[in-house]
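Since the structure comes first, as structure tokens, the remarks are kept for the end.
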Amino acid sequence: MDNGGGLWIRAAVAVAAGGAIAARAVRRKSVDSSAVFVGVPAMVAHTVAGYRFAGMLLVFFFTASRVTRVGEARKRALDPEFKEGGQRNWKQVLSNSGIASILVVLIALVTGGNDRCLDTEESSLVTALIGGVIGHYACCNGDTWSSELGILSKAEPRIITTFKRVQKGTNGGVTIDGLISAAAAGFSIGLTFVLLGFLTTHCASDVFWKQLLVIPLATAAGLCGSLVDSLLGATLQYSGYCSVRKKVVGADGPTVTRISGLNILDNNGVNVVSVFLTTLITAWMCVYIF
């Protein structure tokens, strides 16, 4: 088990690195100042629990920020909530890291900060918790890549509930490009976990090589998370077409014609529910597979 000094060093490194990354993100308008007060503590918790968790968080943050900036001019014309640089606030950061932060705190308490392999013979609890974190970030990354790249697809999206063609920007609309992007995003999370795990974990050779199964599992979780998000968006999140603004909007009004969905969840609510469900499914799958 790591001694207290080692954990404090990790925490200090995380504060310094997290602060530097946050300052850069604010300058580039990837996040606003309120997001820093959620993001830096999350970074510290992930790093103390293990470098693999910090790695997945950073891969999600940097790749999501990158794809958000792709095609900004076209997105500005389609998205009523478009923000320059895709700027996230504290609510969005919390919805994309809150559940994972709880899980990594539990992992740190159980393992003392030692990186563990996915191995139910050693601990079903740790395997489930780690699997949950993998599913969490595969889902978050999959949803972001799918949304940010799918909206740029030349194909018209189809709403996931009926497969009818809908306007771009409609909640629950999917494209082949978007689904492929979601799977690729999950793959990037799984690859990050495996590569860092090869450097930081020590376990029996058969268990060690079995960790490679995380890559297809995370790929599936990215795709699954995106589909769950789309289903929730199509049914529980309002979409309508505004004849004045000539774009899809998320609130009803005198100039808005409803396309789909009930006004029950906003985008953050949809994200939290889809992440929670994907986290549970991936945790269960890890216990079953490993």
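If you're wondering about the labels, chains in the structure tokens are A, B, ... by order shown, residues count from 1 in each chain, ligands from 1 in order shown.
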Give me the residues within 9 Å of Asp32 (chain A) as a PyMOL selection string, counting only C-alpha atoms and dropping any in the same chain fewer than 6 places off.
-> chain A and resi 25-26+87-90
Please produce a file of those selected residues containing N, CA and C atoms, as a PDB file, in the first residue's frame.
ATOM      1  N   ALA A  25      -7.267  26.280 -20.013  1.00  0.00           N
ATOM      2  CA  ALA A  25      -8.620  26.045 -20.526  1.00  0.00           C
ATOM      3  C   ALA A  25      -9.487  27.297 -20.430  1.00  0.00           C
ATOM      4  N   VAL A  26      -9.316  28.060 -19.359  1.00  0.00           N
ATOM      5  CA  VAL A  26     -10.072  29.310 -19.208  1.00  0.00           C
ATOM      6  C   VAL A  26      -9.647  30.311 -20.276  1.00  0.00           C
ATOM      7  N   GLN A  87     -17.357  26.463 -24.512  1.00  0.00           N
ATOM      8  CA  GLN A  87     -17.102  26.757 -23.092  1.00  0.00           C
ATOM      9  C   GLN A  87     -18.076  26.037 -22.161  1.00  0.00           C
ATOM     10  N   ARG A  88     -17.524  25.257 -21.217  1.00  0.00           N
ATOM     11  CA  ARG A  88     -18.321  24.517 -20.231  1.00  0.00           C
ATOM     12  C   ARG A  88     -18.345  25.255 -18.901  1.00  0.00           C
ATOM     13  N   ASN A  89     -19.468  25.153 -18.191  1.00  0.00           N
ATOM     14  CA  ASN A  89     -19.560  25.727 -16.851  1.00  0.00           C
ATOM     15  C   ASN A  89     -19.478  24.621 -15.802  1.00  0.00           C
ATOM     16  N   TRP A  90     -19.616  24.989 -14.536  1.00  0.00           N
ATOM     17  CA  TRP A  90     -19.439  24.016 -13.458  1.00  0.00           C
ATOM     18  C   TRP A  90     -20.478  22.900 -13.508  1.00  0.00           C
TER      19      TRP A  90
END
Do you know which residues are at most 6 Å from region 262-271 of chain A counting only C-alpha atoms, after dropping those on the same chain fewer than 3 positions away, and could you put them as an mmCIF file with N, CA and C atoms, in the first residue's frame?
data_model
loop_
_atom_site.group_PDB
_atom_site.id
_atom_site.type_symbol
_atom_site.label_atom_id
_atom_site.label_comp_id
_atom_site.auth_asym_id
_atom_site.auth_seq_id
_atom_site.Cartn_x
_atom_site.Cartn_y
_atom_site.Cartn_z
ATOM 1 N N LEU A 236 -37.254 12.488 -23.407
ATOM 2 C CA LEU A 236 -37.408 13.283 -22.189
ATOM 3 C C LEU A 236 -36.839 14.696 -22.289
ATOM 4 N N GLN A 237 -36.313 15.060 -23.465
ATOM 5 C CA GLN A 237 -35.746 16.392 -23.671
ATOM 6 C C GLN A 237 -36.442 17.046 -24.870
ATOM 7 N N TYR A 238 -36.950 18.238 -24.672
ATOM 8 C CA TYR A 238 -37.750 18.905 -25.701
ATOM 9 C C TYR A 238 -36.892 19.389 -26.862
ATOM 10 N N SER A 274 -27.619 9.098 -18.516
ATOM 11 C CA SER A 274 -26.962 8.170 -19.452
ATOM 12 C C SER A 274 -25.621 7.694 -18.897
ATOM 13 N N VAL A 275 -24.881 8.595 -18.255
ATOM 14 C CA VAL A 275 -23.606 8.210 -17.647
ATOM 15 C C VAL A 275 -23.836 7.206 -16.515
#
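Of the residues under consideration (A:Ala128, A:Cys117, A:Cys140, A:Leu149), A:Cys117 shows the shortest atom-to-atom contact distance to Thr201 (chain A) when counting only C-alpha atoms.
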Could you give me, as a list in words, the residues within 10 Å of Asp119 (chain A), counting only C-alpha atoms and dropping anything in the same chain fewer than 2 positions from it?
->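 Here the answer would be Arg116, Cys117, Glu121, Glu122, Ser123, Ser124, Leu125, Val126, Thr127, Ala128, Cys203, Ala204, Val207, Phe208, Lys210, Gln211, Cys286, Val287, Ile289 and Phe290 of chain A.
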Which of A:His136, A:Arg10, A:Asn141, A:Thr192 sits closest to Arg66 (chain A) [using only C-alpha atoms] | A:Asn141
From a DSSP pass on the backbone, collect the residues of region 29-227 of chain A flagged as strand (DSSP E or B) and hand them back as number ranges by chain.
-> A: 31, 88, 158-159, 165, 173-174
Residues from the last selection, N, CA and C atoms, saved as an mmCIF file, in the first residue's frame:
data_model
loop_
_atom_site.group_PDB
_atom_site.id
_atom_site.type_symbol
_atom_site.label_atom_id
_atom_site.label_comp_id
_atom_site.auth_asym_id
_atom_site.auth_seq_id
_atom_site.Cartn_x
_atom_site.Cartn_y
_atom_site.Cartn_z
ATOM 1 N N VAL A 31 -13.491 26.211 -20.754
ATOM 2 C CA VAL A 31 -14.325 26.232 -19.553
ATOM 3 C C VAL A 31 -14.386 27.662 -19.041
ATOM 4 N N ARG A 88 -17.524 25.257 -21.217
ATOM 5 C CA ARG A 88 -18.321 24.517 -20.231
ATOM 6 C C ARG A 88 -18.345 25.255 -18.901
ATOM 7 N N ARG A 158 -31.406 10.868 -38.131
ATOM 8 C CA ARG A 158 -32.699 10.202 -37.933
ATOM 9 C C ARG A 158 -32.926 10.070 -36.438
ATOM 10 N N ILE A 159 -34.128 10.372 -36.001
ATOM 11 C CA ILE A 159 -34.407 10.289 -34.574
ATOM 12 C C ILE A 159 -34.452 8.826 -34.155
ATOM 13 N N ARG A 165 -36.342 11.140 -40.510
ATOM 14 C CA ARG A 165 -35.374 12.213 -40.675
ATOM 15 C C ARG A 165 -35.816 13.440 -39.874
ATOM 16 N N GLY A 173 -31.349 12.725 -32.364
ATOM 17 C CA GLY A 173 -31.024 12.441 -33.750
ATOM 18 C C GLY A 173 -29.666 11.771 -33.859
ATOM 19 N N VAL A 174 -29.574 10.738 -34.675
ATOM 20 C CA VAL A 174 -28.308 10.005 -34.811
ATOM 21 C C VAL A 174 -27.915 9.909 -36.282
#
Please identify all polymer residues within 10 Å of Ala49 (chain A), counting only C-alpha atoms, omitting same-chain residues fewer than 2 positions from it, and present them as a PDB file with C-alpha atoms, in the first residue's frame.
ATOM      1  CA  LEU A   7      -0.259  10.101  -1.771  1.00  0.00           C
ATOM      2  CA  ARG A  10       0.467  12.718  -6.002  1.00  0.00           C
ATOM      3  CA  ALA A  11      -2.049  15.219  -4.668  1.00  0.00           C
ATOM      4  CA  VAL A  44      -6.812  15.585  -7.503  1.00  0.00           C
ATOM      5  CA  ALA A  45      -9.207  12.775  -6.543  1.00  0.00           C
ATOM      6  CA  HIS A  46      -8.522  10.881  -9.778  1.00  0.00           C
ATOM      7  CA  THR A  47      -4.735  11.191  -9.443  1.00  0.00           C
ATOM      8  CA  TYR A  51      -2.709   7.479 -12.667  1.00  0.00           C
ATOM      9  CA  ARG A  52      -4.995   5.478 -14.976  1.00  0.00           C
ATOM     10  CA  PHE A  53      -7.998   7.401 -13.698  1.00  0.00           C
ATOM     11  CA  ALA A  54      -6.287  10.762 -14.123  1.00  0.00           C
ATOM     12  CA  SER A 101     -15.155  11.314  -8.770  1.00  0.00           C
ATOM     13  CA  LEU A 103     -16.061   6.132  -7.590  1.00  0.00           C
ATOM     14  CA  VAL A 104     -12.364   7.072  -7.535  1.00  0.00           C
ATOM     15  CA  VAL A 105     -12.646   8.280  -3.931  1.00  0.00           C
ATOM     16  CA  LEU A 106     -14.088   4.872  -3.017  1.00  0.00           C
ATOM     17  CA  ILE A 107     -11.307   3.150  -4.976  1.00  0.00           C
ATOM     18  CA  ALA A 108      -8.642   5.197  -3.160  1.00  0.00           C
ATOM     19  CA  LEU A 109     -10.156   4.311   0.206  1.00  0.00           C
ATOM     20  CA  VAL A 110     -10.222   0.585  -0.605  1.00  0.00           C
ATOM     21  CA  THR A 111      -6.842   0.303  -2.351  1.00  0.00           C
ATOM     22  CA  GLY A 112      -4.842   2.989  -0.569  1.00  0.00           C
ATOM     23  CA  GLY A 113      -3.940   4.496  -3.922  1.00  0.00           C
ATOM     24  CA  ASN A 114      -2.368   1.333  -5.331  1.00  0.00           C
ATOM     25  CA  ASP A 115      -3.278   0.592  -8.944  1.00  0.00           C
TER      26      ASP A 115
END
Between A:Leu118, A:Cys139, A:Ala182, A:Leu196, single out the one closest to Leu213 (chain A), counting only C-alpha atoms.
->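 Distance minimum relative to Leu213 (chain A) lands on A:Leu118.
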Could you tell me how far CA of Thr63 (chain A) lies from CA of Ile99 (chain A), in Å and to one decimal?
-> 19.7 Å
Judged by only C-alpha atoms, the minimum distance to Thr162 (chain A) among A:Ile215, A:Leu231, A:Met56, A:Ile281 is found for A:Leu231
Non-local contacts of Ala184 (chain A) (8 Å; only C-alpha atoms; under 2 positions in same chain excluded) as a PDB file with all heavy atoms, in the first residue's frame:
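out_1.pdb, freshly written:
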ATOM      1  N   GLY A 142     -17.888   9.334 -25.617  1.00  0.00           N
ATOM      2  CA  GLY A 142     -18.698   8.899 -26.750  1.00  0.00           C
ATOM      3  C   GLY A 142     -19.805   9.877 -27.070  1.00  0.00           C
ATOM      4  O   GLY A 142     -20.047  10.210 -28.242  1.00  0.00           O
ATOM      5  N   ILE A 180     -20.126   6.092 -35.206  1.00  0.00           N
ATOM      6  CA  ILE A 180     -18.733   5.665 -35.367  1.00  0.00           C
ATOM      7  C   ILE A 180     -17.830   6.505 -34.465  1.00  0.00           C
ATOM      8  O   ILE A 180     -16.900   5.985 -33.831  1.00  0.00           O
ATOM      9  CB  ILE A 180     -18.294   5.780 -36.840  1.00  0.00           C
ATOM     10  CG1 ILE A 180     -19.044   4.748 -37.688  1.00  0.00           C
ATOM     11  CG2 ILE A 180     -16.786   5.587 -36.979  1.00  0.00           C
ATOM     12  CD1 ILE A 180     -18.811   4.892 -39.180  1.00  0.00           C
ATOM     13  N   SER A 181     -18.114   7.796 -34.384  1.00  0.00           N
ATOM     14  CA  SER A 181     -17.331   8.687 -33.524  1.00  0.00           C
ATOM     15  C   SER A 181     -17.458   8.280 -32.057  1.00  0.00           C
ATOM     16  O   SER A 181     -16.477   8.314 -31.306  1.00  0.00           O
ATOM     17  CB  SER A 181     -17.806  10.138 -33.700  1.00  0.00           C
ATOM     18  OG  SER A 181     -17.591  10.594 -35.015  1.00  0.00           O
ATOM     19  N   ALA A 182     -18.659   7.891 -31.647  1.00  0.00           N
ATOM     20  CA  ALA A 182     -18.874   7.461 -30.257  1.00  0.00           C
ATOM     21  C   ALA A 182     -18.048   6.221 -29.936  1.00  0.00           C
ATOM     22  O   ALA A 182     -17.430   6.128 -28.865  1.00  0.00           O
ATOM     23  CB  ALA A 182     -20.360   7.187 -30.028  1.00  0.00           C
ATOM     24  N   GLY A 186     -14.900   5.855 -27.210  1.00  0.00           N
ATOM     25  CA  GLY A 186     -14.780   4.821 -26.189  1.00  0.00           C
ATOM     26  C   GLY A 186     -13.474   4.055 -26.321  1.00  0.00           C
ATOM     27  O   GLY A 186     -12.823   3.739 -25.316  1.00  0.00           O
ATOM     28  N   PHE A 187     -13.083   3.771 -27.566  1.00  0.00           N
ATOM     29  CA  PHE A 187     -11.810   3.095 -27.828  1.00  0.00           C
ATOM     30  C   PHE A 187     -10.648   3.879 -27.229  1.00  0.00           C
ATOM     31  O   PHE A 187      -9.733   3.291 -26.630  1.00  0.00           O
ATOM     32  CB  PHE A 187     -11.625   2.943 -29.338  1.00  0.00           C
ATOM     33  CG  PHE A 187     -10.300   2.361 -29.748  1.00  0.00           C
ATOM     34  CD1 PHE A 187     -10.117   0.991 -29.838  1.00  0.00           C
ATOM     35  CD2 PHE A 187      -9.219   3.188 -30.044  1.00  0.00           C
ATOM     36  CE1 PHE A 187      -8.893   0.456 -30.211  1.00  0.00           C
ATOM     37  CE2 PHE A 187      -7.992   2.663 -30.418  1.00  0.00           C
ATOM     38  CZ  PHE A 187      -7.830   1.292 -30.501  1.00  0.00           C
ATOM     39  N   SER A 188     -10.647   5.207 -27.376  1.00  0.00           N
ATOM     40  CA  SER A 188      -9.550   6.029 -26.856  1.00  0.00           C
ATOM     41  C   SER A 188      -9.456   5.934 -25.335  1.00  0.00           C
ATOM     42  O   SER A 188      -8.359   5.955 -24.774  1.00  0.00           O
ATOM     43  CB  SER A 188      -9.718   7.492 -27.296  1.00  0.00           C
ATOM     44  OG  SER A 188     -10.802   8.115 -26.632  1.00  0.00           O
ATOM     45  N   THR A 219     -14.972   0.518 -26.024  1.00  0.00           N
ATOM     46  CA  THR A 219     -15.512   0.892 -27.332  1.00  0.00           C
ATOM     47  C   THR A 219     -17.025   0.689 -27.365  1.00  0.00           C
ATOM     48  O   THR A 219     -17.785   1.565 -27.803  1.00  0.00           O
ATOM     49  CB  THR A 219     -14.854   0.060 -28.446  1.00  0.00           C
ATOM     50  OG1 THR A 219     -13.436   0.261 -28.411  1.00  0.00           O
ATOM     51  CG2 THR A 219     -15.390   0.451 -29.812  1.00  0.00           C
ATOM     52  N   GLY A 222     -18.752   3.292 -25.154  1.00  0.00           N
ATOM     53  CA  GLY A 222     -18.874   4.578 -25.819  1.00  0.00           C
ATOM     54  C   GLY A 222     -20.074   4.623 -26.737  1.00  0.00           C
ATOM     55  O   GLY A 222     -20.849   5.582 -26.747  1.00  0.00           O
TER      56      GLY A 222
END
Residues of region 24-114 of chain A in helix (DSSP H, G or I) according to DSSP, as a ChimeraX atom specification?
-> /A:24-27,33-49,51-69,72-78,84-86,90-111
Computed interatomic separation between CA of Leu152 (chain A) and CA of Ile189 (chain A) (Å) |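 One can read the CA of Leu152 (chain A) to CA of Ile189 (chain A) distance as 22.7 Å.
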Atom pair CA of Gly253 (chain A) / CA of Gly233 (chain A): separation (Å) =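 One can read the CA of Gly253 (chain A) to CA of Gly233 (chain A) distance as 19.0 Å.
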Out of A:Ser146, A:Ser95, A:Thr170, A:Thr200, which residue has the shortest atom-to-atom distance to Ala42 (chain A) when counting only C-alpha atoms?
->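 The answer is A:Ser95, which sits nearest to Ala42 (chain A).
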